[in-house]
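**Q** Structure incoming, see below.
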Amino acid sequence: MKQTDTIDKTAAALTAGKPAVFPTDTVYGIGVAVGLAKTPQVLFDIKRRDAQKAIPWLVGKKSALSLYGRDVPAYAQAAADAFWPGPLTLIVKAGDNVPEAFRAENGTIALRMPDDEVALALIERVGFPLATSSANFQGEPPAHTFDEVDCELLGMVAAALGDGGARSGVSSTVVDCTGARPVMLRRGAVTEKDLLALM
């Protein structure tokens with residue numbers, strides 16, 4: 001069994017702008033606190049991932065959609081109301097309060113409220129959203145348990161929090177909400193039928 005840090009140490013690392021590993025409802029994630037870390041570049045460096053792909057945010061409240069999004073369509077808010085917290089990532093136009101370094105090249109941001117007590121507790125303690133990717137090197141499978149997180153990756157973060165439980169392993173559904181109608185970019189736990197029922 002790998003050694004895990006406390007939630008206090010993990011929150012402190014994130015508050016200091018450093019990267020940390022922690023559980024989400026889908027897989028284990030690696031993240032930094034938006035606004036406390038200057039950029040998400042360290043996540044790309046650790047994961048050996050293409051830096052042109054924006055890192056989604058984990059948020060602690062449904063209201064974050066309108067707080068960080070701009071011109072959010074009614075269907076996107078309805079989807080958040082119906083499926084947050086849960087495995088649904090919504091891409092919206094980024095508001096003026098979204099740091100440029102954390103936006104996608106097209107001026108959007110991907111937001112999700114995880115259905116996980118540990119992740120939500122971290123977000124609350126830190127006071128900022130967590131820009132989060134899966135805690136694995138590019139091309140490697142995501143970790144469903146803390147023990148599955150690569151030891152080399154663990155050695156590259158300031159803190160790593162595990163709780164002994166297994167995550168669902170089912171990816172979140174990703175939906176582009178920048179147009180008149182939702183466009184599903186990645187199939188996941190929330191289905192097209194689920195989304196169409198809101199229209």
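Labeling convention for the structure tokens: chains A, B, ... as they appear, residues from 1 per chain, ligands from 1 in order of appearance.
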Please report, as CSV, each residue of segment 87-174 of chain A lying at most 9 Å from segment 45-65 of chain A, together with the nearest pair of atoms and the separation in Å rounded to one decimal; use only C-alpha atoms, and order rows by chain and ascending residue number.
**A**
residue,atom,partner,partner_atom,distance
A:Thr89,CA,A:Pro56,CA,8.0
A:Leu90,CA,A:Leu65,CA,8.4
A:Ile91,CA,A:Pro56,CA,8.8
A:Val92,CA,A:Leu65,CA,8.2
A:Phe102,CA,A:Ala54,CA,6.9
A:Arg103,CA,A:Ala54,CA,6.5
A:Ala104,CA,A:Ala54,CA,5.0
A:Glu105,CA,A:Gln52,CA,7.5
A:Thr108,CA,A:Ala54,CA,8.9
A:Ile109,CA,A:Pro56,CA,6.9
A:Ala110,CA,A:Pro56,CA,4.7
A:Leu111,CA,A:Trp57,CA,4.9
A:Arg112,CA,A:Leu58,CA,5.0
A:Met113,CA,A:Val59,CA,4.9
A:Pro114,CA,A:Leu58,CA,6.6
A:Ala119,CA,A:Leu58,CA,8.3
A:Leu120,CA,A:Gly60,CA,5.7
A:Ala121,CA,A:Gly60,CA,8.4
A:Ile123,CA,A:Gly60,CA,6.0
A:Glu124,CA,A:Gly60,CA,6.7
A:Gly127,CA,A:Gly60,CA,8.9
A:Phe128,CA,A:Val59,CA,7.7
A:Pro129,CA,A:Val59,CA,4.9
A:Leu130,CA,A:Leu58,CA,5.1
A:Ala131,CA,A:Trp57,CA,4.2
A:Thr132,CA,A:Trp57,CA,5.8
A:Ser133,CA,A:Ile55,CA,6.3
A:Ser134,CA,A:Lys47,CA,8.8
A:Ala135,CA,A:Lys47,CA,7.7
A:Asn136,CA,A:Lys47,CA,6.3
A:Phe137,CA,A:Lys47,CA,4.4
A:Gln138,CA,A:Arg49,CA,5.6
A:Gly139,CA,A:Arg49,CA,8.9
A:Leu153,CA,A:Ile46,CA,7.0
A:Met156,CA,A:Ile46,CA,6.9
A:Val157,CA,A:Ile46,CA,8.5
**Q** Fewer than 5 positions away in the same chain doesn't count, so skip those; otherwise give me all residues within 12 Å of segment 179-185 of chain A, counting only C-alpha atoms, as a list of chain:residue names.
**A** A:Asp71, A:Val72, A:Pro73, A:Ala74, A:Tyr75, A:Ala76, A:Gln77, A:Ala78, A:Ala79, A:Leu88, A:Thr89, A:Leu90, A:Ile91, A:Val92, A:Lys93, A:Thr108, A:Ala110, A:Ser172, A:Thr173, A:Val174, A:Val190, A:Thr191, A:Glu192, A:Lys193, A:Asp194, A:Leu195, A:Leu196, A:Leu198, A:Met199
**Q** Could you write out the selected residues, including N, CA and C atoms, as an mmCIF file, in the first residue's frame?
**A**
data_model
loop_
_atom_site.group_PDB
_atom_site.id
_atom_site.type_symbol
_atom_site.label_atom_id
_atom_site.label_comp_id
_atom_site.auth_asym_id
_atom_site.auth_seq_id
_atom_site.Cartn_x
_atom_site.Cartn_y
_atom_site.Cartn_z
ATOM 1 N N ASP A 71 -22.158 33.959 -21.302
ATOM 2 C CA ASP A 71 -23.226 33.623 -22.265
ATOM 3 C C ASP A 71 -23.599 32.143 -22.171
ATOM 4 N N VAL A 72 -23.754 31.669 -20.950
ATOM 5 C CA VAL A 72 -24.079 30.255 -20.736
ATOM 6 C C VAL A 72 -25.522 29.998 -21.159
ATOM 7 N N PRO A 73 -25.738 29.073 -22.114
ATOM 8 C CA PRO A 73 -27.107 28.806 -22.559
ATOM 9 C C PRO A 73 -27.935 28.115 -21.482
ATOM 10 N N ALA A 74 -29.242 28.264 -21.596
ATOM 11 C CA ALA A 74 -30.153 27.694 -20.600
ATOM 12 C C ALA A 74 -30.017 26.179 -20.520
ATOM 13 N N TYR A 75 -29.771 25.519 -21.668
ATOM 14 C CA TYR A 75 -29.665 24.057 -21.638
ATOM 15 C C TYR A 75 -28.447 23.597 -20.845
ATOM 16 N N ALA A 76 -27.368 24.406 -20.860
ATOM 17 C CA ALA A 76 -26.164 24.049 -20.096
ATOM 18 C C ALA A 76 -26.451 24.150 -18.606
ATOM 19 N N GLN A 77 -27.147 25.209 -18.190
ATOM 20 C CA GLN A 77 -27.497 25.356 -16.780
ATOM 21 C C GLN A 77 -28.432 24.237 -16.345
ATOM 22 N N ALA A 78 -29.359 23.853 -17.223
ATOM 23 C CA ALA A 78 -30.280 22.747 -16.913
ATOM 24 C C ALA A 78 -29.516 21.442 -16.751
ATOM 25 N N ALA A 79 -28.487 21.225 -17.589
ATOM 26 C CA ALA A 79 -27.676 20.012 -17.493
ATOM 27 C C ALA A 79 -26.900 19.985 -16.183
ATOM 28 N N LEU A 88 -20.311 14.768 -15.703
ATOM 29 C CA LEU A 88 -20.660 15.563 -16.873
ATOM 30 C C LEU A 88 -19.781 16.807 -16.912
ATOM 31 N N THR A 89 -18.993 16.934 -17.987
ATOM 32 C CA THR A 89 -18.134 18.096 -18.199
ATOM 33 C C THR A 89 -18.775 18.995 -19.232
ATOM 34 N N LEU A 90 -18.953 20.268 -18.881
ATOM 35 C CA LEU A 90 -19.600 21.230 -19.763
ATOM 36 C C LEU A 90 -18.579 22.262 -20.230
ATOM 37 N N ILE A 91 -18.470 22.415 -21.552
ATOM 38 C CA ILE A 91 -17.576 23.409 -22.138
ATOM 39 C C ILE A 91 -18.381 24.655 -22.468
ATOM 40 N N VAL A 92 -17.963 25.780 -21.891
ATOM 41 C CA VAL A 92 -18.653 27.049 -22.123
ATOM 42 C C VAL A 92 -17.635 28.128 -22.458
ATOM 43 N N LYS A 93 -18.108 29.263 -22.940
ATOM 44 C CA LYS A 93 -17.231 30.392 -23.184
ATOM 45 C C LYS A 93 -16.698 30.889 -21.843
ATOM 46 N N THR A 108 -12.537 29.030 -24.421
ATOM 47 C CA THR A 108 -13.525 28.296 -23.640
ATOM 48 C C THR A 108 -12.897 27.696 -22.394
ATOM 49 N N ALA A 110 -13.672 24.184 -19.649
ATOM 50 C CA ALA A 110 -14.448 22.969 -19.366
ATOM 51 C C ALA A 110 -14.608 22.833 -17.860
ATOM 52 N N SER A 172 -16.147 10.973 -17.678
ATOM 53 C CA SER A 172 -17.267 11.914 -17.723
ATOM 54 C C SER A 172 -17.649 12.164 -19.178
ATOM 55 N N THR A 173 -18.915 12.440 -19.386
ATOM 56 C CA THR A 173 -19.392 12.865 -20.694
ATOM 57 C C THR A 173 -18.957 14.319 -20.890
ATOM 58 N N VAL A 174 -18.449 14.638 -22.076
ATOM 59 C CA VAL A 174 -18.009 16.000 -22.368
ATOM 60 C C VAL A 174 -18.937 16.599 -23.422
ATOM 61 N N VAL A 190 -23.079 9.987 -18.663
ATOM 62 C CA VAL A 190 -24.327 10.674 -19.025
ATOM 63 C C VAL A 190 -24.543 10.490 -20.525
ATOM 64 N N THR A 191 -25.700 9.984 -20.917
ATOM 65 C CA THR A 191 -25.959 9.628 -22.315
ATOM 66 C C THR A 191 -26.609 10.773 -23.085
ATOM 67 N N GLU A 192 -26.621 10.631 -24.410
ATOM 68 C CA GLU A 192 -27.300 11.604 -25.267
ATOM 69 C C GLU A 192 -28.790 11.659 -24.937
ATOM 70 N N LYS A 193 -29.363 10.509 -24.629
ATOM 71 C CA LYS A 193 -30.780 10.451 -24.248
ATOM 72 C C LYS A 193 -31.027 11.278 -22.993
ATOM 73 N N ASP A 194 -30.115 11.161 -22.037
ATOM 74 C CA ASP A 194 -30.229 11.940 -20.804
ATOM 75 C C ASP A 194 -30.258 13.439 -21.109
ATOM 76 N N LEU A 195 -29.374 13.865 -22.004
ATOM 77 C CA LEU A 195 -29.256 15.276 -22.336
ATOM 78 C C LEU A 195 -30.447 15.763 -23.144
ATOM 79 N N LEU A 196 -30.897 14.951 -24.093
ATOM 80 C CA LEU A 196 -32.036 15.340 -24.925
ATOM 81 C C LEU A 196 -33.307 15.497 -24.104
ATOM 82 N N LEU A 198 -33.602 16.992 -21.483
ATOM 83 C CA LEU A 198 -33.611 18.328 -20.892
ATOM 84 C C LEU A 198 -34.042 19.390 -21.905
ATOM 85 N N MET A 199 -34.008 19.039 -23.196
ATOM 86 C CA MET A 199 -34.274 20.036 -24.247
ATOM 87 C C MET A 199 -35.769 20.301 -24.407
#
**Q** Can you list, as a PyMOL selection string, every residue of chain A that DSSP puts in strand (DSSP E)?
**A** chain A and resi 20-23+28-33+57-58+69-70+88-94+108-112+130-134+159-160+173-176+183-186
**Q** Taking the chain letters and numbering used in this document, name the residues of segment 54-199 of chain A that DSSP puts in helix (DSSP H, G or I), as a PyMOL selection string.
**A** chain A and resi 64-68+74-83+100-102+117-126+146-148+151-154+192-196
**Q** Once you have the residues from the selection above, write them out as a PDB file, in the first residue's frame, restricted to C-alpha atoms.
**A**
ATOM      1  CA  ALA A  64     -19.593  28.019 -10.828  1.00  0.00           C
ATOM      2  CA  LEU A  65     -21.009  27.507 -14.324  1.00  0.00           C
ATOM      3  CA  SER A  66     -22.321  31.060 -14.488  1.00  0.00           C
ATOM      4  CA  LEU A  67     -19.507  32.424 -12.320  1.00  0.00           C
ATOM      5  CA  TYR A  68     -16.739  31.326 -14.686  1.00  0.00           C
ATOM      6  CA  ALA A  74     -30.153  27.694 -20.600  1.00  0.00           C
ATOM      7  CA  TYR A  75     -29.665  24.057 -21.638  1.00  0.00           C
ATOM      8  CA  ALA A  76     -26.164  24.049 -20.096  1.00  0.00           C
ATOM      9  CA  GLN A  77     -27.497  25.356 -16.780  1.00  0.00           C
ATOM     10  CA  ALA A  78     -30.280  22.747 -16.913  1.00  0.00           C
ATOM     11  CA  ALA A  79     -27.676  20.012 -17.493  1.00  0.00           C
ATOM     12  CA  ALA A  80     -25.625  21.204 -14.514  1.00  0.00           C
ATOM     13  CA  ASP A  81     -28.743  21.331 -12.344  1.00  0.00           C
ATOM     14  CA  ALA A  82     -29.642  17.775 -13.388  1.00  0.00           C
ATOM     15  CA  PHE A  83     -26.251  16.034 -13.410  1.00  0.00           C
ATOM     16  CA  GLU A 100      -5.857  33.338 -19.847  1.00  0.00           C
ATOM     17  CA  ALA A 101      -3.339  30.585 -19.092  1.00  0.00           C
ATOM     18  CA  PHE A 102      -6.187  28.274 -18.084  1.00  0.00           C
ATOM     19  CA  GLU A 117     -16.558  13.997  -0.967  1.00  0.00           C
ATOM     20  CA  VAL A 118     -12.751  14.168  -0.913  1.00  0.00           C
ATOM     21  CA  ALA A 119     -12.454  16.222  -4.101  1.00  0.00           C
ATOM     22  CA  LEU A 120     -15.228  18.588  -3.003  1.00  0.00           C
ATOM     23  CA  ALA A 121     -13.613  18.993   0.433  1.00  0.00           C
ATOM     24  CA  LEU A 122     -10.311  19.925  -1.228  1.00  0.00           C
ATOM     25  CA  ILE A 123     -11.982  22.487  -3.493  1.00  0.00           C
ATOM     26  CA  GLU A 124     -13.736  24.027  -0.486  1.00  0.00           C
ATOM     27  CA  ARG A 125     -10.553  24.195   1.596  1.00  0.00           C
ATOM     28  CA  VAL A 126      -8.495  25.692  -1.201  1.00  0.00           C
ATOM     29  CA  PHE A 146      -4.369   5.182  -5.261  1.00  0.00           C
ATOM     30  CA  ASP A 147      -2.115   2.118  -5.524  1.00  0.00           C
ATOM     31  CA  GLU A 148      -2.441   2.248  -9.330  1.00  0.00           C
ATOM     32  CA  CYS A 151       5.300   5.874  -8.286  1.00  0.00           C
ATOM     33  CA  GLU A 152       7.342   8.077 -10.608  1.00  0.00           C
ATOM     34  CA  LEU A 153       4.392  10.440 -11.014  1.00  0.00           C
ATOM     35  CA  LEU A 154       3.821  10.506  -7.255  1.00  0.00           C
ATOM     36  CA  GLU A 192     -27.300  11.604 -25.267  1.00  0.00           C
ATOM     37  CA  LYS A 193     -30.780  10.451 -24.248  1.00  0.00           C
ATOM     38  CA  ASP A 194     -30.229  11.940 -20.804  1.00  0.00           C
ATOM     39  CA  LEU A 195     -29.256  15.276 -22.336  1.00  0.00           C
ATOM     40  CA  LEU A 196     -32.036  15.340 -24.925  1.00  0.00           C
TER      41      LEU A 196
END
**Q** Can you work out the spacing between atom CA of Ala33 of chain A and atom CA of Thr15 of chain A in Å, to one decimal?
**A**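 According to the coordinates, atom CA of Ala33 of chain A and atom CA of Thr15 of chain A are separated by 6.7 Å.
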